[in-house]
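> See run01.csv below, with CSV, C-alpha atoms.
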```csv
chain,number,residue,atom,x,y,z
Z,751,MET,CA,-21.4,-10.1,18.5
Z,752,THR,CA,-24.2,-12.4,17.4
Z,753,LYS,CA,-23.7,-16.1,17.1
Z,754,LYS,CA,-24.2,-15.9,13.4
Z,755,ALA,CA,-21.5,-13.3,13.0
Z,756,ALA,CA,-19.1,-15.4,15.2
Z,757,TYR,CA,-19.8,-18.4,13.1
Z,758,ARG,CA,-19.0,-16.5,9.9
Z,759,ILE,CA,-15.7,-15.3,11.3
Z,760,LEU,CA,-14.9,-18.9,12.4
Z,761,ILE,CA,-15.5,-20.2,8.9
Z,762,ALA,CA,-13.4,-17.4,7.4
Z,763,PHE,CA,-10.5,-18.2,9.7
Z,764,SER,CA,-10.8,-21.9,8.9
Z,765,ILE,CA,-10.5,-21.2,5.2
Z,766,LEU,CA,-7.7,-18.7,5.7
Z,767,PHE,CA,-5.5,-21.0,7.8
Z,768,SER,CA,-6.4,-24.4,6.3
Z,769,PRO,CA,-4.6,-24.7,2.9
Z,770,GLY,CA,-6.8,-27.5,1.7
Z,771,LEU,CA,-10.0,-25.6,2.4
Z,772,HIS,CA,-8.5,-22.4,1.0
Z,773,LEU,CA,-7.6,-24.1,-2.2
Z,774,LEU,CA,-11.0,-25.8,-2.5
Z,775,ALA,CA,-12.8,-22.5,-1.9
Z,776,ALA,CA,-10.6,-20.7,-4.5
Z,777,GLN,CA,-11.3,-23.4,-7.1
Z,778,GLU,CA,-15.1,-23.2,-6.5
Z,779,VAL,CA,-15.0,-19.4,-6.8
Z,780,TYR,CA,-12.9,-19.5,-10.0
Z,781,PHE,CA,-15.0,-22.0,-11.9
Z,782,ASN,CA,-18.4,-21.2,-10.4
Z,783,GLY,CA,-20.7,-19.8,-13.1
Z,784,LYS,CA,-18.1,-20.1,-15.8
Z,785,THR,CA,-18.4,-21.8,-19.2
Z,786,ILE,CA,-15.6,-23.9,-20.6
Z,787,ARG,CA,-15.3,-24.5,-24.3
Z,788,ILE,CA,-13.9,-27.7,-25.8
Z,789,ILE,CA,-12.7,-27.0,-29.4
Z,790,ALA,CA,-13.2,-30.0,-31.7
Z,791,GLY,CA,-11.5,-29.7,-35.1
Z,792,PHE,CA,-14.0,-32.0,-36.9
Z,793,PRO,CA,-17.7,-31.8,-37.9
Z,794,GLY,CA,-20.5,-32.9,-35.7
Z,795,GLY,CA,-21.4,-36.6,-35.6
Z,796,GLY,CA,-17.9,-38.1,-36.0
Z,797,GLY,CA,-15.7,-39.8,-33.4
Z,798,VAL,CA,-13.9,-36.7,-32.2
Z,799,ASP,CA,-17.2,-34.7,-31.8
Z,800,THR,CA,-19.0,-37.6,-30.1
Z,801,GLU,CA,-16.2,-38.1,-27.5
Z,802,ALA,CA,-15.8,-34.4,-26.9
Z,803,ARG,CA,-19.5,-34.2,-26.1
Z,804,MET,CA,-19.2,-37.1,-23.8
Z,805,LEU,CA,-16.4,-35.3,-21.9
Z,806,ALA,CA,-18.5,-32.1,-21.9
Z,807,ARG,CA,-21.2,-34.0,-20.1
Z,808,PHE,CA,-19.2,-35.7,-17.4
Z,809,LEU,CA,-16.2,-33.6,-16.8
Z,810,PRO,CA,-17.9,-30.5,-15.3
Z,811,LEU,CA,-19.5,-32.8,-12.6
Z,812,GLN,CA,-16.0,-33.2,-11.2
Z,813,ILE,CA,-14.7,-29.7,-11.4
Z,814,PRO,CA,-15.2,-27.6,-8.2
Z,815,GLY,CA,-17.9,-24.9,-9.0
Z,816,ASN,CA,-19.5,-27.2,-11.6
Z,817,PRO,CA,-19.0,-25.0,-14.7
Z,818,THR,CA,-20.8,-25.5,-17.9
Z,819,ILE,CA,-18.9,-27.2,-20.7
Z,820,ILE,CA,-19.9,-26.8,-24.3
Z,821,VAL,CA,-18.3,-28.2,-27.5
Z,822,GLN,CA,-17.5,-25.8,-30.3
Z,823,ASN,CA,-16.8,-27.5,-33.7
Z,824,MET,CA,-14.2,-25.8,-35.8
Z,825,PRO,CA,-13.7,-28.2,-38.8
Z,826,GLY,CA,-11.2,-27.7,-41.6
Z,827,ALA,CA,-8.1,-29.2,-43.1
Z,828,GLY,CA,-8.3,-32.4,-41.0
Z,829,GLY,CA,-8.2,-30.5,-37.7
Z,830,THR,CA,-5.5,-28.0,-38.7
Z,831,VAL,CA,-7.8,-25.0,-38.6
Z,832,ALA,CA,-8.8,-25.8,-35.0
Z,833,SER,CA,-5.2,-26.6,-33.9
Z,834,ASN,CA,-3.8,-23.4,-35.4
Z,835,TRP,CA,-6.5,-21.3,-33.8
Z,836,PHE,CA,-5.9,-22.9,-30.4
Z,837,GLU,CA,-2.2,-22.2,-30.7
Z,838,GLN,CA,-2.7,-18.6,-31.5
Z,839,PHE,CA,-5.8,-17.5,-29.7
Z,840,ALA,CA,-6.7,-19.8,-26.7
Z,841,LYS,CA,-6.2,-18.0,-23.4
Z,842,PRO,CA,-4.4,-20.0,-20.7
Z,843,ASP,CA,-7.2,-19.6,-18.2
Z,844,GLY,CA,-8.6,-23.1,-18.2
Z,845,LEU,CA,-11.8,-22.0,-20.0
Z,846,THR,CA,-10.7,-23.1,-23.5
Z,847,LEU,CA,-9.6,-26.7,-24.1
Z,848,HIS,CA,-8.9,-28.6,-27.3
Z,849,TYR,CA,-9.9,-32.2,-28.0
Z,850,THR,CA,-7.5,-33.4,-30.7
Z,851,SER,CA,-6.9,-36.3,-33.0
Z,852,THR,CA,-3.8,-38.1,-34.2
Z,853,THR,CA,-3.9,-35.8,-37.2
Z,854,SER,CA,-2.3,-33.0,-35.3
Z,855,ILE,CA,0.6,-35.3,-34.2
Z,856,ASN,CA,1.1,-36.6,-37.7
Z,857,GLN,CA,1.2,-33.1,-39.2
Z,858,GLN,CA,3.8,-31.9,-36.7
Z,859,ALA,CA,5.9,-35.1,-37.3
Z,860,MET,CA,5.8,-34.5,-41.1
Z,861,GLY,CA,6.5,-30.8,-40.8
Z,862,VAL,CA,3.3,-29.9,-42.7
Z,863,LYS,CA,3.8,-26.2,-43.5
Z,864,GLU,CA,0.1,-25.4,-42.9
Z,865,ALA,CA,0.3,-26.7,-39.3
Z,866,LYS,CA,1.2,-23.7,-37.1
Z,867,HIS,CA,1.0,-25.5,-33.8
Z,868,ASP,CA,3.6,-27.1,-31.4
Z,869,LEU,CA,2.2,-29.8,-29.2
Z,870,ARG,CA,5.3,-29.9,-27.1
Z,871,PHE,CA,3.9,-26.9,-25.2
Z,872,TRP,CA,0.3,-28.1,-24.9
Z,873,PRO,CA,-0.3,-29.6,-21.5
Z,874,VAL,CA,-2.3,-32.8,-21.5
Z,875,ILE,CA,-5.3,-33.1,-19.2
Z,876,GLY,CA,-6.1,-36.7,-20.2
Z,877,SER,CA,-6.8,-38.9,-23.2
Z,878,VAL,CA,-9.4,-41.3,-24.6
Z,879,ARG,CA,-7.6,-44.2,-26.3
Z,880,ARG,CA,-8.8,-47.2,-28.3
Z,881,GLY,CA,-7.1,-50.2,-29.6
Z,882,THR,CA,-4.7,-49.8,-32.6
Z,883,SER,CA,-5.3,-51.1,-36.1
Z,884,VAL,CA,-5.0,-54.7,-37.2
Z,885,ALA,CA,-4.7,-55.4,-41.0
Z,886,LEU,CA,-6.7,-58.1,-42.7
Z,887,ILE,CA,-6.2,-59.9,-46.0
Z,888,ARG,CA,-7.9,-62.7,-48.0
Z,889,LYS,CA,-6.0,-65.9,-47.3
Z,890,LYS,CA,-5.4,-66.6,-51.0
Z,891,SER,CA,-3.7,-63.1,-51.5
Z,892,LEU,CA,-1.2,-63.4,-48.7
Z,893,ASP,CA,1.5,-65.0,-50.8
Z,894,ARG,CA,1.4,-62.0,-53.2
Z,895,LEU,CA,2.7,-59.8,-50.4
Z,896,THR,CA,6.3,-60.9,-50.9
Z,897,SER,CA,6.2,-62.0,-54.5
Z,898,SER,CA,6.2,-60.4,-57.9
Z,899,GLY,CA,3.1,-59.9,-60.0
Z,900,GLU,CA,0.0,-57.7,-59.5
Z,901,PRO,CA,0.6,-55.6,-56.3
Z,902,LEU,CA,-1.8,-55.8,-53.4
Z,903,LYS,CA,-4.0,-52.7,-53.2
Z,904,VAL,CA,-4.3,-50.7,-50.0
Z,905,GLY,CA,-7.1,-48.2,-49.8
Z,906,VAL,CA,-6.3,-44.9,-48.0
Z,907,ARG,CA,-7.7,-41.4,-47.7
Z,908,SER,CA,-4.5,-39.5,-48.3
Z,909,GLY,CA,-1.9,-41.9,-47.0
Z,910,ASP,CA,-1.0,-40.2,-43.8
Z,911,GLU,CA,-3.1,-42.6,-41.7
Z,912,SER,CA,-1.0,-43.8,-38.8
Z,913,TRP,CA,-1.5,-47.5,-39.7
Z,914,ASN,CA,-0.1,-46.8,-43.2
Z,915,ALA,CA,3.4,-46.7,-41.7
Z,916,ILE,CA,3.3,-50.5,-41.7
Z,917,PHE,CA,2.9,-50.7,-45.4
Z,918,LEU,CA,5.2,-47.8,-46.3
Z,919,TRP,CA,8.0,-49.3,-44.2
Z,920,GLY,CA,7.0,-52.8,-45.4
Z,921,ALA,CA,7.4,-51.7,-49.0
Z,922,GLU,CA,10.7,-49.9,-48.3
Z,923,PHE,CA,12.5,-52.4,-46.1
Z,924,LEU,CA,10.7,-55.8,-46.6
Z,925,LYS,CA,10.0,-55.3,-50.3
Z,926,TRP,CA,6.3,-55.8,-49.9
Z,927,ASN,CA,4.4,-55.8,-53.2
Z,928,VAL,CA,1.8,-53.2,-52.5
Z,929,ARG,CA,0.4,-50.1,-54.1
Z,930,TRP,CA,-2.0,-47.5,-52.8
Z,931,VAL,CA,-5.4,-46.5,-54.0
Z,932,GLN,CA,-5.9,-42.9,-52.7
Z,933,GLY,CA,-8.8,-40.6,-52.3
Z,934,TYR,CA,-11.4,-42.5,-50.2
Z,935,PRO,CA,-13.5,-40.1,-48.2
Z,936,GLY,CA,-13.4,-42.1,-45.0
Z,937,GLY,CA,-13.1,-45.4,-43.2
Z,938,GLY,CA,-16.6,-46.6,-44.3
Z,939,GLU,CA,-15.7,-46.2,-48.0
Z,940,ILE,CA,-12.4,-48.0,-47.5
Z,941,LEU,CA,-14.2,-50.9,-45.8
Z,942,LEU,CA,-16.7,-51.1,-48.6
Z,943,ALA,CA,-14.0,-51.2,-51.2
Z,944,PHE,CA,-12.3,-54.1,-49.4
Z,945,GLU,CA,-15.6,-56.1,-49.1
Z,946,ARG,CA,-16.2,-55.5,-52.8
Z,947,ASN,CA,-12.7,-56.9,-53.6
Z,948,GLU,CA,-11.6,-53.6,-55.0
Z,949,THR,CA,-8.7,-53.6,-52.6
Z,950,ASP,CA,-6.8,-56.4,-51.0
Z,951,ILE,CA,-5.8,-55.1,-47.5
Z,952,TYR,CA,-8.0,-53.5,-44.9
Z,953,PRO,CA,-6.7,-52.1,-41.5
Z,954,THR,CA,-9.0,-51.0,-38.8
Z,955,ALA,CA,-9.0,-50.5,-35.0
Z,956,THR,CA,-12.7,-51.0,-34.6
Z,957,LEU,CA,-13.1,-54.2,-32.6
Z,958,PRO,CA,-16.7,-55.2,-33.8
Z,959,THR,CA,-15.6,-54.8,-37.4
Z,960,LEU,CA,-12.4,-56.8,-36.9
Z,961,ARG,CA,-14.4,-59.6,-35.2
Z,962,LYS,CA,-17.0,-59.5,-38.1
Z,963,LEU,CA,-14.4,-59.8,-40.8
Z,964,VAL,CA,-12.4,-62.5,-39.1
Z,965,ALA,CA,-15.7,-64.5,-38.7
Z,966,GLU,CA,-16.2,-64.0,-42.5
Z,967,GLY,CA,-12.9,-65.7,-43.2
Z,968,PHE,CA,-10.5,-62.7,-43.6
Z,969,SER,CA,-7.1,-63.2,-42.0
Z,970,PRO,CA,-5.4,-60.7,-39.7
Z,971,PHE,CA,-1.7,-60.8,-40.6
Z,972,VAL,CA,0.0,-57.7,-39.1
Z,973,GLN,CA,-1.0,-55.1,-36.5
Z,974,GLN,CA,0.1,-51.6,-35.5
Z,975,GLY,CA,0.6,-52.3,-31.9
Z,976,MET,CA,0.5,-49.9,-28.9
Z,977,LEU,CA,3.6,-47.8,-28.4
Z,978,THR,CA,4.7,-48.0,-24.8
Z,979,ALA,CA,6.6,-45.4,-22.7
Z,980,ALA,CA,9.7,-47.6,-23.2
Z,981,GLY,CA,9.5,-47.2,-27.0
Z,982,SER,CA,8.4,-50.7,-28.0
Z,983,PHE,CA,5.1,-51.9,-29.6
Z,984,GLN,CA,2.7,-54.1,-27.7
Z,985,ARG,CA,0.2,-56.4,-29.4
Z,986,ARG,CA,-3.5,-56.0,-28.7
Z,987,SER,CA,-4.7,-58.4,-26.1
Z,988,GLU,CA,-7.5,-59.5,-28.5
Z,989,PHE,CA,-5.0,-60.5,-31.2
Z,990,PRO,CA,-2.0,-61.9,-29.3
Z,991,GLU,CA,-0.9,-64.1,-32.2
Z,992,VAL,CA,-0.8,-61.4,-34.8
Z,993,PRO,CA,2.7,-59.9,-35.1
Z,994,VAL,CA,3.6,-56.2,-35.1
Z,995,PHE,CA,5.8,-54.9,-37.9
Z,996,GLU,CA,9.1,-55.3,-36.0
Z,997,ASP,CA,8.2,-59.0,-35.4
Z,998,LEU,CA,7.9,-59.5,-39.1
Z,999,ALA,CA,11.0,-57.4,-40.0
Z,1000,LYS,CA,13.3,-59.1,-37.5
Z,1001,GLU,CA,16.9,-58.5,-38.7
Z,1002,GLN,CA,15.6,-56.4,-41.5
Z,1003,ARG,CA,14.1,-53.9,-39.1
Z,1004,PRO,CA,15.6,-50.5,-39.9
Z,1005,ALA,CA,17.6,-48.6,-37.2
Z,1006,GLY,CA,18.4,-44.9,-36.5
Z,1007,ILE,CA,16.4,-42.2,-38.2
Z,1008,ALA,CA,14.3,-44.7,-40.2
Z,1009,TRP,CA,13.1,-46.5,-37.0
Z,1010,GLN,CA,12.6,-43.3,-35.1
Z,1011,ALA,CA,10.4,-42.1,-38.0
Z,1012,TYR,CA,8.4,-45.3,-37.9
Z,1013,THR,CA,7.9,-45.1,-34.2
Z,1014,ILE,CA,6.6,-41.6,-34.4
Z,1015,TRP,CA,4.2,-42.3,-37.3
Z,1016,ALA,CA,3.0,-45.7,-36.3
Z,1017,GLY,CA,2.8,-44.8,-32.6
Z,1018,SER,CA,0.6,-41.7,-33.0
Z,1019,ASP,CA,-2.6,-43.7,-32.2
Z,1020,SER,CA,-1.1,-44.9,-29.0
Z,1021,ILE,CA,-1.7,-41.5,-27.4
Z,1022,GLY,CA,-5.4,-41.7,-28.3
Z,1023,ARG,CA,-7.2,-38.4,-28.5
Z,1024,PRO,CA,-5.8,-36.0,-25.9
Z,1025,LEU,CA,-7.7,-33.2,-24.2
Z,1026,HIS,CA,-5.3,-30.3,-24.1
Z,1027,ALA,CA,-5.1,-27.0,-22.1
Z,1028,PRO,CA,-3.4,-24.0,-23.8
Z,1029,PRO,CA,0.3,-23.3,-23.4
Z,1030,LYS,CA,1.2,-21.5,-20.2
Z,1031,THR,CA,-1.9,-22.6,-18.3
Z,1032,PRO,CA,-1.1,-22.0,-14.6
Z,1033,ALA,CA,-0.2,-25.1,-12.7
Z,1034,ASP,CA,-3.1,-24.7,-10.2
Z,1035,ILE,CA,-5.7,-24.6,-12.9
Z,1036,LEU,CA,-4.1,-27.5,-14.7
Z,1037,ARG,CA,-4.1,-29.5,-11.5
Z,1038,VAL,CA,-7.8,-28.9,-11.0
Z,1039,LEU,CA,-8.7,-30.1,-14.5
Z,1040,ARG,CA,-6.4,-33.1,-14.3
Z,1041,ASP,CA,-7.8,-34.1,-10.9
Z,1042,ALA,CA,-11.3,-33.8,-12.3
Z,1043,PHE,CA,-10.4,-35.9,-15.3
Z,1044,ALA,CA,-9.1,-38.6,-12.9
Z,1045,ARG,CA,-12.3,-38.6,-10.8
Z,1046,MET,CA,-14.4,-38.7,-14.0
Z,1047,LYS,CA,-12.6,-41.9,-15.1
Z,1048,GLU,CA,-13.7,-43.8,-12.0
Z,1049,GLY,CA,-17.4,-43.0,-12.4
Z,1050,ALA,CA,-19.6,-46.0,-13.2
Z,1051,GLU,CA,-21.9,-44.0,-15.4
Z,1052,PHE,CA,-19.0,-42.6,-17.3
Z,1053,LYS,CA,-17.4,-46.0,-17.8
Z,1054,ALA,CA,-20.7,-47.3,-19.3
Z,1055,GLU,CA,-20.9,-44.3,-21.6
Z,1056,LEU,CA,-17.3,-44.6,-22.7
Z,1057,LYS,CA,-17.9,-48.2,-23.7
Z,1058,LYS,CA,-21.0,-47.2,-25.6
Z,1059,VAL,CA,-19.4,-44.2,-27.4
Z,1060,SER,CA,-15.8,-45.4,-28.0
Z,1061,GLY,CA,-16.1,-49.2,-27.9
Z,1062,ASP,CA,-15.4,-52.1,-25.5
Z,1063,ASP,CA,-11.6,-51.6,-25.9
Z,1064,ALA,CA,-11.6,-47.9,-25.0
Z,1065,GLN,CA,-9.6,-46.8,-22.1
Z,1066,ILE,CA,-8.7,-43.5,-20.3
Z,1067,LEU,CA,-5.1,-42.3,-20.0
Z,1068,LEU,CA,-4.4,-39.8,-17.3
Z,1069,ALA,CA,-1.9,-37.0,-17.9
Z,1070,ASP,CA,1.1,-38.8,-16.3
Z,1071,GLU,CA,0.3,-41.9,-18.5
Z,1072,ALA,CA,-0.2,-40.0,-21.7
Z,1073,ASP,CA,2.6,-37.4,-21.5
Z,1074,PRO,CA,5.6,-39.9,-21.8
Z,1075,ILE,CA,4.1,-41.3,-24.9
Z,1076,LEU,CA,3.3,-37.9,-26.4
Z,1077,ARG,CA,6.9,-36.7,-25.8
Z,1078,GLN,CA,8.1,-39.6,-28.1
Z,1079,LEU,CA,5.8,-38.4,-30.9
Z,1080,VAL,CA,6.3,-34.6,-31.0
Z,1081,VAL,CA,10.0,-34.1,-30.6
Z,1082,VAL,CA,10.9,-34.5,-34.2
Z,1083,SER,CA,14.1,-33.6,-36.0
Z,1084,PRO,CA,14.4,-32.3,-39.5
Z,1085,ALA,CA,16.1,-35.5,-40.5
Z,1086,ILE,CA,13.1,-37.5,-39.3
Z,1087,GLN,CA,10.7,-35.2,-41.2
Z,1088,ASP,CA,12.8,-35.5,-44.3
Z,1089,PHE,CA,12.7,-39.3,-44.1
Z,1090,ILE,CA,8.9,-39.4,-43.7
Z,1091,ASN,CA,8.4,-37.0,-46.5
Z,1092,GLY,CA,10.7,-38.9,-48.7
Z,1093,LEU,CA,8.6,-42.1,-48.3
Z,1094,MET,CA,5.4,-40.1,-48.9
Z,1095,LYS,CA,6.9,-38.8,-52.2
Z,1096,LYS,CA,8.3,-42.1,-53.3
Z,1097,TYR,CA,5.2,-44.3,-52.7
Z,1098,LEU,CA,2.3,-41.8,-52.6
Z,1099,ASN,CA,3.5,-39.1,-54.9
Z,1100,ARG,CA,3.0,-36.5,-52.2
```
Render the structure in this file as structure tokens.

Amino acid sequence: MTKKAAYRILIAFSILFSPGLHLLAAQEVYFNGKTIRIIAGFPGGGGVDTEARMLARFLPLQIPGNPTIIVQNMPGAGGTVASNWFEQFAKPDGLTLHYTSTTSINQQAMGVKEAKHDLRFWPVIGSVRRGTSVALIRKKSLDRLTSSGEPLKVGVRSGDESWNAIFLWGAEFLKWNVRWVQGYPGGGEILLAFERNETDIYPTATLPTLRKLVAEGFSPFVQQGMLTAAGSFQRRSEFPEVPVFEDLAKEQRPAGIAWQAYTIWAGSDSIGRPLHAPPKTPADILRVLRDAFARMKEGAEFKAELKKVSGDDAQILLADEADPILRQLVVVSPAIQDFINGLMKKYLNR
């Protein structure tokens, strides 16, 4: 036997009888030369697409075998087309992932009939999370919030934005004097309407915009807050003096189904934008992807890119951090759905 042959046999026995080496070799073989698709349910150029492409750039560097990752845009119905496709057709082989938005969570919470997905069975690999929304108002308009007269106008796309829970529950339980102006295409148009004095209240999570508007004299008066694993809402560190809804409500804060419904709706941004594997993905493949996501999080170049793409307040949640929050948002009873839909019909005619 030659020295080369003996060396090969030694390596083979080392892999065979060393679980760590055996697992590493198996992972490298499995993903080597493969292409992973990340499905993004929105058009190119938006936040979901941009962050998905950031993950596609950095995540494969941490996966054994260094597979290629591409982003496939599948826009339609606010992400519903992509989520429904993923539920029905994605194979549980680790080669098709889905980068979602809070829309999928809200649709499940509201029982939207077009949404044919169930996030309870979608394993989380990790999530990109930004700060939650803070609402601003002109100082001279603040007294109108709790008085009669001309209602304060809130600009919305369709009214199912997660921050809109503040104003729906405010109208219902605190008798806030607000009405909704619906149909804006996106956040840019809502901001422009606020700056033009066409609307009176503007919520946003974007920190540079918040800082700019505060510097111009607009007043932050309520914030969405970050839902914790314990079920409470935590104020943003940049706005520690601005109350969350439950601080304002105090003894008027609803309980039971009404508060569970609020927690689900207002808390949906707290999970961020999760990267999911399909249902029934084997545990060993899921572990590889989650470990890779955790390693990616620590890279200096990735941290710099995350700040550039998602903002200074962006942070990464690992699976064990994101999953307890997600569980609070997607286990929804018919009673909760009925309550949410009742408010939508009452105030938004939906």
> Against segment 800-819 of chain Z, which residues of segment 856-939 of chain Z fall within 12 Å? For each one I want the closest pair of atoms and the distance in Å (one decimal), counting only C-alpha atoms, rows by chain and increasing residue number, as a tab-separated table.

```
residue	atom	partner	partner_atom	distance
Z:Ile875	CA	Z:Leu809	CA	11.2
Z:Gly876	CA	Z:Leu805	CA	10.5
Z:Ser877	CA	Z:Leu805	CA	10.3
Z:Val878	CA	Z:Glu801	CA	8.1
Z:Arg879	CA	Z:Glu801	CA	10.6
Z:Arg880	CA	Z:Glu801	CA	11.8
```
> Considering all atoms listed in the file, tabulate each residue of segment 981-1061 of chain Z that lies at most 8 Å from segment 1073-1080 of chain Z along with its nearest interatomic pair and the corresponding distance in Å to one decimal; arrange the rows by chain and ascending residue number and present them as a tab-separated table.

```
residue	atom	partner	partner_atom	distance
Z:Gly981	CA	Z:Gln1078	CA	7.8
Z:Thr1013	CA	Z:Leu1079	CA	7.8
Z:Ile1014	CA	Z:Leu1079	CA	4.8
Z:Trp1015	CA	Z:Leu1079	CA	7.7
Z:Gly1017	CA	Z:Leu1079	CA	7.3
Z:Ser1018	CA	Z:Leu1079	CA	6.5
Z:Ser1020	CA	Z:Ile1075	CA	7.5
Z:Ile1021	CA	Z:Leu1076	CA	6.2
```
> Find the spatial neighbours of segment 1036-1042 of chain Z, counting all atoms listed in the file, within a cut-off of 12 Å - ignore same-chain residues fewer than 3 positions away - and output them as a VMD selection string.
chain Z and resid 773 to 774 776 to 778 780 to 781 786 805 808 to 817 842 to 847 872 to 877 1024 to 1033 1045 to 1049 1067 to 1072
> When you count only C-alpha atoms, which of these residues is closest to Phe1089 of chain Z: Z:Ala827, Z:Ile1007, Z:Ala921, Z:Leu895?
Z:Ile1007
> What does the structure give for the distance between atom CA of Ala999 of chain Z and atom CA of Glu945 of chain Z, in Å to one decimal?
28.1 Å
> Excluding Glu988 of chain Z and any residue of its chain fewer than 3 positions from it, enumerate the residues within 12 Å of it, using only C-alpha atoms, and give them as a PyMOL selection string.
chain Z and resi 881-884+955-958+960-961+970+973+975+984-985+991-992+1062-1063
> Could you list, as a list in words, every residue within 12 Å of Gly1092 of chain Z, counting all atoms listed in the file and ignoring same-chain residues fewer than 5 positions away?
Met860, Leu918, Trp919, Glu922, Ala1008, Ala1011, Pro1084, Ala1085, Ile1086, Gln1087, Tyr1097, Leu1098, Asn1099 and Arg1100 of chain Z
> Using all atoms listed in the file, pick whichever of Z:Leu977, Z:Leu886, Z:Ala1044, Z:Val798 has the shortest atom-to-atom distance to Thr850 of chain Z.
Z:Val798
